[in-house]
Every structure is written in C-alpha cells, then in structure tokens.
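For reference, work.csv is printed below; it contains CSV, C-alpha atoms.
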```
chain,number,residue,atom,x,y,z
A,1,MET,CA,-66.6,-1.9,-27.5
A,2,THR,CA,-62.9,-1.6,-27.6
A,3,ARG,CA,-61.0,1.2,-26.0
A,4,LEU,CA,-60.0,2.6,-29.4
A,5,GLY,CA,-63.6,2.6,-30.5
A,6,GLN,CA,-64.7,4.2,-27.2
A,7,TYR,CA,-62.1,7.0,-27.6
A,8,GLY,CA,-63.1,7.5,-31.2
A,9,SER,CA,-66.7,7.9,-30.2
A,10,TYR,CA,-65.8,10.4,-27.5
A,11,LEU,CA,-63.7,12.3,-29.9
A,12,LEU,CA,-66.4,12.4,-32.6
A,13,LEU,CA,-69.0,13.5,-30.0
A,14,THR,CA,-66.7,16.3,-28.7
A,15,VAL,CA,-66.0,17.5,-32.3
A,16,MET,CA,-69.7,17.5,-33.0
A,17,VAL,CA,-70.5,19.5,-29.9
A,18,LEU,CA,-67.8,22.1,-30.6
A,19,LEU,CA,-68.9,22.5,-34.2
A,20,SER,CA,-72.6,22.8,-33.3
A,21,GLY,CA,-71.7,26.0,-31.4
A,22,CYS,CA,-69.9,27.5,-34.4
A,23,LYS,CA,-71.6,29.6,-37.0
A,24,ILE,CA,-70.1,29.7,-40.5
A,25,SER,CA,-71.3,32.6,-42.6
A,26,TYR,CA,-70.3,33.3,-46.2
A,27,ARG,CA,-71.0,36.6,-48.0
A,28,PHE,CA,-70.5,36.3,-51.7
A,29,ASN,CA,-70.6,40.1,-52.2
A,30,GLY,CA,-67.5,40.7,-50.1
A,31,ALA,CA,-69.2,43.3,-47.9
A,32,SER,CA,-68.9,43.0,-44.1
A,33,ILE,CA,-71.7,45.4,-43.0
A,34,ASP,CA,-73.8,45.1,-39.9
A,35,TYR,CA,-77.1,46.1,-41.4
A,36,THR,CA,-78.8,46.4,-38.0
A,37,LYS,CA,-76.6,49.4,-37.3
A,38,THR,CA,-75.6,50.7,-40.8
A,39,ARG,CA,-78.5,51.3,-43.1
A,40,THR,CA,-77.6,54.2,-45.4
A,41,ILE,CA,-74.8,55.5,-47.6
A,42,SER,CA,-74.3,58.8,-49.3
A,43,ILE,CA,-71.9,59.0,-52.3
A,44,ALA,CA,-71.2,62.5,-53.4
A,45,ASP,CA,-70.2,63.4,-57.0
A,46,PHE,CA,-66.5,63.3,-57.6
A,47,PRO,CA,-65.6,66.7,-59.3
A,48,ASN,CA,-62.7,66.7,-61.7
A,49,HIS,CA,-59.9,69.0,-60.4
A,50,ALA,CA,-57.2,67.5,-62.6
A,51,ALA,CA,-55.1,69.7,-64.9
A,52,LEU,CA,-56.2,67.6,-68.0
A,53,VAL,CA,-59.9,67.0,-68.0
A,54,TYR,CA,-61.9,64.2,-69.6
A,55,PRO,CA,-65.4,65.6,-69.3
A,56,ALA,CA,-67.2,62.2,-68.9
A,57,LEU,CA,-64.9,61.0,-66.1
A,58,SER,CA,-66.5,62.7,-63.1
A,59,ASN,CA,-70.0,61.4,-63.9
A,60,ASP,CA,-68.8,57.9,-65.0
A,61,LEU,CA,-66.7,57.5,-61.8
A,62,SER,CA,-69.5,58.7,-59.5
A,63,GLU,CA,-72.2,56.6,-61.1
A,64,ALA,CA,-70.0,53.5,-61.2
A,65,LEU,CA,-69.3,53.8,-57.5
A,66,ARG,CA,-73.1,54.2,-56.7
A,67,ASP,CA,-73.9,51.2,-59.0
A,68,LEU,CA,-71.3,49.0,-57.2
A,69,PHE,CA,-72.7,49.8,-53.8
A,70,ALA,CA,-76.3,49.3,-55.0
A,71,ARG,CA,-75.4,45.8,-56.5
A,72,GLN,CA,-73.1,44.6,-53.7
A,73,THR,CA,-74.9,45.9,-50.6
A,74,ARG,CA,-78.3,46.4,-49.1
A,75,LEU,CA,-77.5,50.0,-48.1
A,76,GLU,CA,-80.1,52.6,-49.0
A,77,GLN,CA,-78.5,55.4,-50.9
A,78,VAL,CA,-79.4,58.9,-49.6
A,79,PRO,CA,-78.3,62.2,-51.1
A,80,GLN,CA,-76.4,63.3,-47.9
A,81,ALA,CA,-75.8,62.5,-44.2
A,82,GLY,CA,-75.8,58.7,-44.6
A,83,ASP,CA,-74.5,56.3,-42.0
A,84,LEU,CA,-71.5,56.0,-44.4
A,85,GLU,CA,-70.4,58.9,-46.5
A,86,ILE,CA,-68.0,58.8,-49.5
A,87,GLU,CA,-66.8,62.0,-51.1
A,88,GLY,CA,-63.8,63.0,-53.0
A,89,GLU,CA,-62.4,64.5,-56.2
A,90,ILE,CA,-60.4,63.5,-59.3
A,91,THR,CA,-57.0,65.0,-58.7
A,92,GLY,CA,-55.0,63.6,-61.6
A,93,TYR,CA,-55.6,62.6,-65.2
A,94,GLN,CA,-52.3,62.4,-67.0
A,95,LEU,CA,-50.4,61.0,-69.9
A,96,THR,CA,-46.9,59.8,-69.6
A,97,PRO,CA,-44.7,58.6,-72.5
A,98,MET,CA,-43.3,55.1,-71.7
A,99,ALA,CA,-41.2,52.8,-73.7
A,100,VAL,CA,-39.0,54.5,-76.3
A,101,ALA,CA,-38.8,53.0,-79.8
A,102,ALA,CA,-35.7,52.9,-81.9
A,103,ASP,CA,-36.6,56.2,-83.6
A,104,SER,CA,-36.6,58.0,-80.2
A,105,TYR,CA,-40.3,58.4,-80.1
A,106,ALA,CA,-42.5,56.9,-77.4
A,107,ALA,CA,-43.8,53.4,-78.3
A,108,GLU,CA,-46.3,53.4,-75.4
A,109,THR,CA,-48.2,55.9,-73.4
A,110,LYS,CA,-49.5,55.5,-69.9
A,111,LEU,CA,-52.8,57.1,-68.9
A,112,THR,CA,-53.2,57.5,-65.1
A,113,ILE,CA,-56.2,58.5,-63.1
A,114,THR,CA,-55.8,59.6,-59.5
A,115,VAL,CA,-58.6,60.1,-57.0
A,116,LYS,CA,-58.6,61.5,-53.5
A,117,MET,CA,-61.4,59.9,-51.4
A,118,ARG,CA,-62.7,60.6,-47.9
A,119,PHE,CA,-64.7,57.9,-46.1
A,120,THR,CA,-66.7,58.8,-43.1
A,121,ASN,CA,-68.3,56.1,-41.0
A,122,HIS,CA,-70.8,57.7,-38.6
A,123,VAL,CA,-71.6,54.4,-36.9
A,124,THR,CA,-67.9,53.5,-36.2
A,125,PRO,CA,-65.9,56.7,-36.5
A,126,SER,CA,-62.6,54.9,-36.0
A,127,GLU,CA,-63.0,53.3,-39.4
A,128,SER,CA,-63.1,56.7,-41.2
A,129,PHE,CA,-60.2,57.6,-43.4
A,130,GLU,CA,-58.9,59.7,-46.3
A,131,ARG,CA,-56.8,58.1,-49.0
A,132,SER,CA,-55.7,58.5,-52.6
A,133,TYR,CA,-56.2,55.9,-55.3
A,134,SER,CA,-54.5,55.6,-58.7
A,135,ALA,CA,-55.1,53.3,-61.7
A,136,TYR,CA,-53.3,53.3,-65.0
A,137,GLN,CA,-53.5,51.7,-68.4
A,138,THR,CA,-51.0,51.8,-71.3
A,139,PHE,CA,-51.7,52.0,-75.0
A,140,ASP,CA,-49.8,52.1,-78.2
A,141,ALA,CA,-48.5,55.6,-78.8
A,142,SER,CA,-49.4,55.4,-82.4
A,143,ARG,CA,-53.1,55.5,-81.4
A,144,LEU,CA,-54.8,58.8,-80.5
A,145,LEU,CA,-56.0,59.2,-76.9
A,146,THR,CA,-59.5,60.0,-78.2
A,147,ASP,CA,-59.7,56.5,-79.8
A,148,VAL,CA,-58.8,54.6,-76.6
A,149,GLN,CA,-59.9,56.9,-73.8
A,150,GLU,CA,-63.4,55.6,-73.2
A,151,GLU,CA,-62.3,52.0,-73.0
A,152,LEU,CA,-59.2,52.7,-70.8
A,153,CYS,CA,-61.2,54.9,-68.5
A,154,ALA,CA,-63.9,52.2,-68.1
A,155,THR,CA,-61.2,49.7,-67.0
A,156,MET,CA,-59.6,52.1,-64.6
A,157,ILE,CA,-62.9,53.2,-63.1
A,158,THR,CA,-63.7,49.5,-62.4
A,159,GLU,CA,-60.4,49.2,-60.7
A,160,LEU,CA,-60.8,52.4,-58.6
A,161,THR,CA,-64.3,51.6,-57.5
A,162,GLU,CA,-63.5,48.1,-56.5
A,163,SER,CA,-60.5,49.4,-54.4
A,164,ILE,CA,-62.7,52.0,-52.7
A,165,PHE,CA,-65.5,49.3,-52.1
A,166,ASN,CA,-63.0,46.9,-50.6
A,167,ASP,CA,-61.4,49.5,-48.3
A,168,THR,CA,-64.7,50.9,-47.1
A,169,VAL,CA,-67.0,48.0,-46.6
A,170,ALA,CA,-65.3,44.8,-47.5
A,171,LYS,CA,-62.3,45.3,-45.1
A,172,TRP,CA,-59.9,43.3,-47.2
```
Kindly return the structure encoded in the file as structure tokens.
Amino acid sequence: MTRLGQYGSYLLLTVMVLLSGCKISYRFNGASIDYTKTRTISIADFPNHAALVYPALSNDLSEALRDLFARQTRLEQVPQAGDLEIEGEITGYQLTPMAVAADSYAAETKLTITVKMRFTNHVTPSESFERSYSAYQTFDASRLLTDVQEELCATMITELTESIFNDTVAKW
C-alpha cells in the first residue's frame, strides 16, 4: 500500500470513529423538550381586556394554543400547576386607518391584536418570562370589519400561537 493510501485509510478510520460517537437527532415538530423531566403543561384561558372586543377572540386564541401544543408535543395538558404554565390576556384589538386614497379617505385599514403572555417553567425556572406579542393584517377599507374579521383573526391567531410556541418550547 502506498503512503497516500495508508494515510487515506487512517483518515477514513479516524473520521468513522469520531462520527460513531456523535448522535444526530432531528425533531420535526420543532419542540426541544426533555420529556423525562417535563411532562405536563397548563394553558389558561386568555381573557379579552382590550378596549374593542371581538367576542370569539378569547376562546379562539386559547383553543388554538392548546391545539398547537397537543399536536406538536407529547406534553399532557392539565388544568393548572403544570410543569410548564402559559397564561395571559388579550390587551389590544385595534383598527388603524392606513393608506390614504385621493379622496382623503383611508384605502386600507390595519387590524392589530396584542397579547401579553406569561410563561412559567417550573422545571427550569431561568427559562420563565413575560412578553407581549402582536400580529396585524390589513384589509381594504371599503369592506366592513364584520365581513373580514373571522378570516383575519384566524391568520393572526396562527401567527401569535406559533410565536408563543417557538419562544416557549422550540427555543428558536
């Protein structure tokens, strides 16, 4: 065997030994939870404390958050005192006129939802936090809010719940 072939064999053997000690793990749900320590989660209802109230928003947001954790984790949902706790409230639901048309009326309106959320990690207390989240969608000002509200809120709820999920258990 030539010296080059001999070095190539040693290099290949060294790489194989190093890689055999490595563990590569992929999680397709994005959650980074140690299920041996963290087994339960409690997600409280998010009451609506906004000045403008869309009655379905509180329930839709709370249920969407519970559904996301049920689909993406193996955590058992308990009514209270879970290893992880999520609670909060809807603090803002507001309409803002946006682009102004030639006739000085708003051409677009922005709907914004703001949520204040508290995350308590009883297993690793240093990971606990309190944070506000906002999501918005715009719609043509010639349309009534009641005509677009359900669709816009569904889109914003998805955005809000994914942000909360990522910040609490995905650690992105």
For Glu108 of chain A, list every protein, DNA or RNA residue within 8 Å, evaluated using only C-alpha atoms, and leave out those in the same chain fewer than 2 positions away; present the list as a ChimeraX atom specification.
/A:97-100,106,110,138-142
I'd like the interatomic distance between atom CA of Asp83 of chain A and atom CA of Phe69 of chain A, to a tenth of an Å.
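If I compute the distance from atom CA of Asp83 of chain A to atom CA of Phe69 of chain A, I get 13.6 Å.
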Just the residues within 8 Å of segment 153-164 of chain A, please, counting all atoms listed in the file, with nothing from its chain fewer than 2 positions along; format it as a short mmCIF file (atom, residue, chain, number, x, y, z; two decimals) with C-alpha atoms, keeping the file's coordinate frame.
```cif
data_model
loop_
_atom_site.label_atom_id
_atom_site.label_comp_id
_atom_site.auth_asym_id
_atom_site.auth_seq_id
_atom_site.Cartn_x
_atom_site.Cartn_y
_atom_site.Cartn_z
CA LEU A 57 -64.90 61.00 -66.10
CA ASP A 60 -68.80 57.90 -65.00
CA LEU A 61 -66.70 57.50 -61.80
CA ALA A 64 -70.00 53.50 -61.20
CA LEU A 65 -69.30 53.80 -57.50
CA LEU A 68 -71.30 49.00 -57.20
CA ILE A 113 -56.20 58.50 -63.10
CA TYR A 133 -56.20 55.90 -55.30
CA SER A 134 -54.50 55.60 -58.70
CA ALA A 135 -55.10 53.30 -61.70
CA TYR A 136 -53.30 53.30 -65.00
CA GLN A 137 -53.50 51.70 -68.40
CA GLN A 149 -59.90 56.90 -73.80
CA GLU A 150 -63.40 55.60 -73.20
CA GLU A 151 -62.30 52.00 -73.00
CA ASN A 166 -63.00 46.90 -50.60
CA ASP A 167 -61.40 49.50 -48.30
CA THR A 168 -64.70 50.90 -47.10
#
```
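Atom pair atom CA of Arg39 of chain A / atom CA of Ser128 of chain A: separated by 16.4 Å.
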Residues near Ser42 of chain A, anyone? I mean within 9 Å using all atoms listed in the file, not counting same-chain ones fewer than 6 positions away, as a PyMOL selection string.
chain A and resi 66+76-87
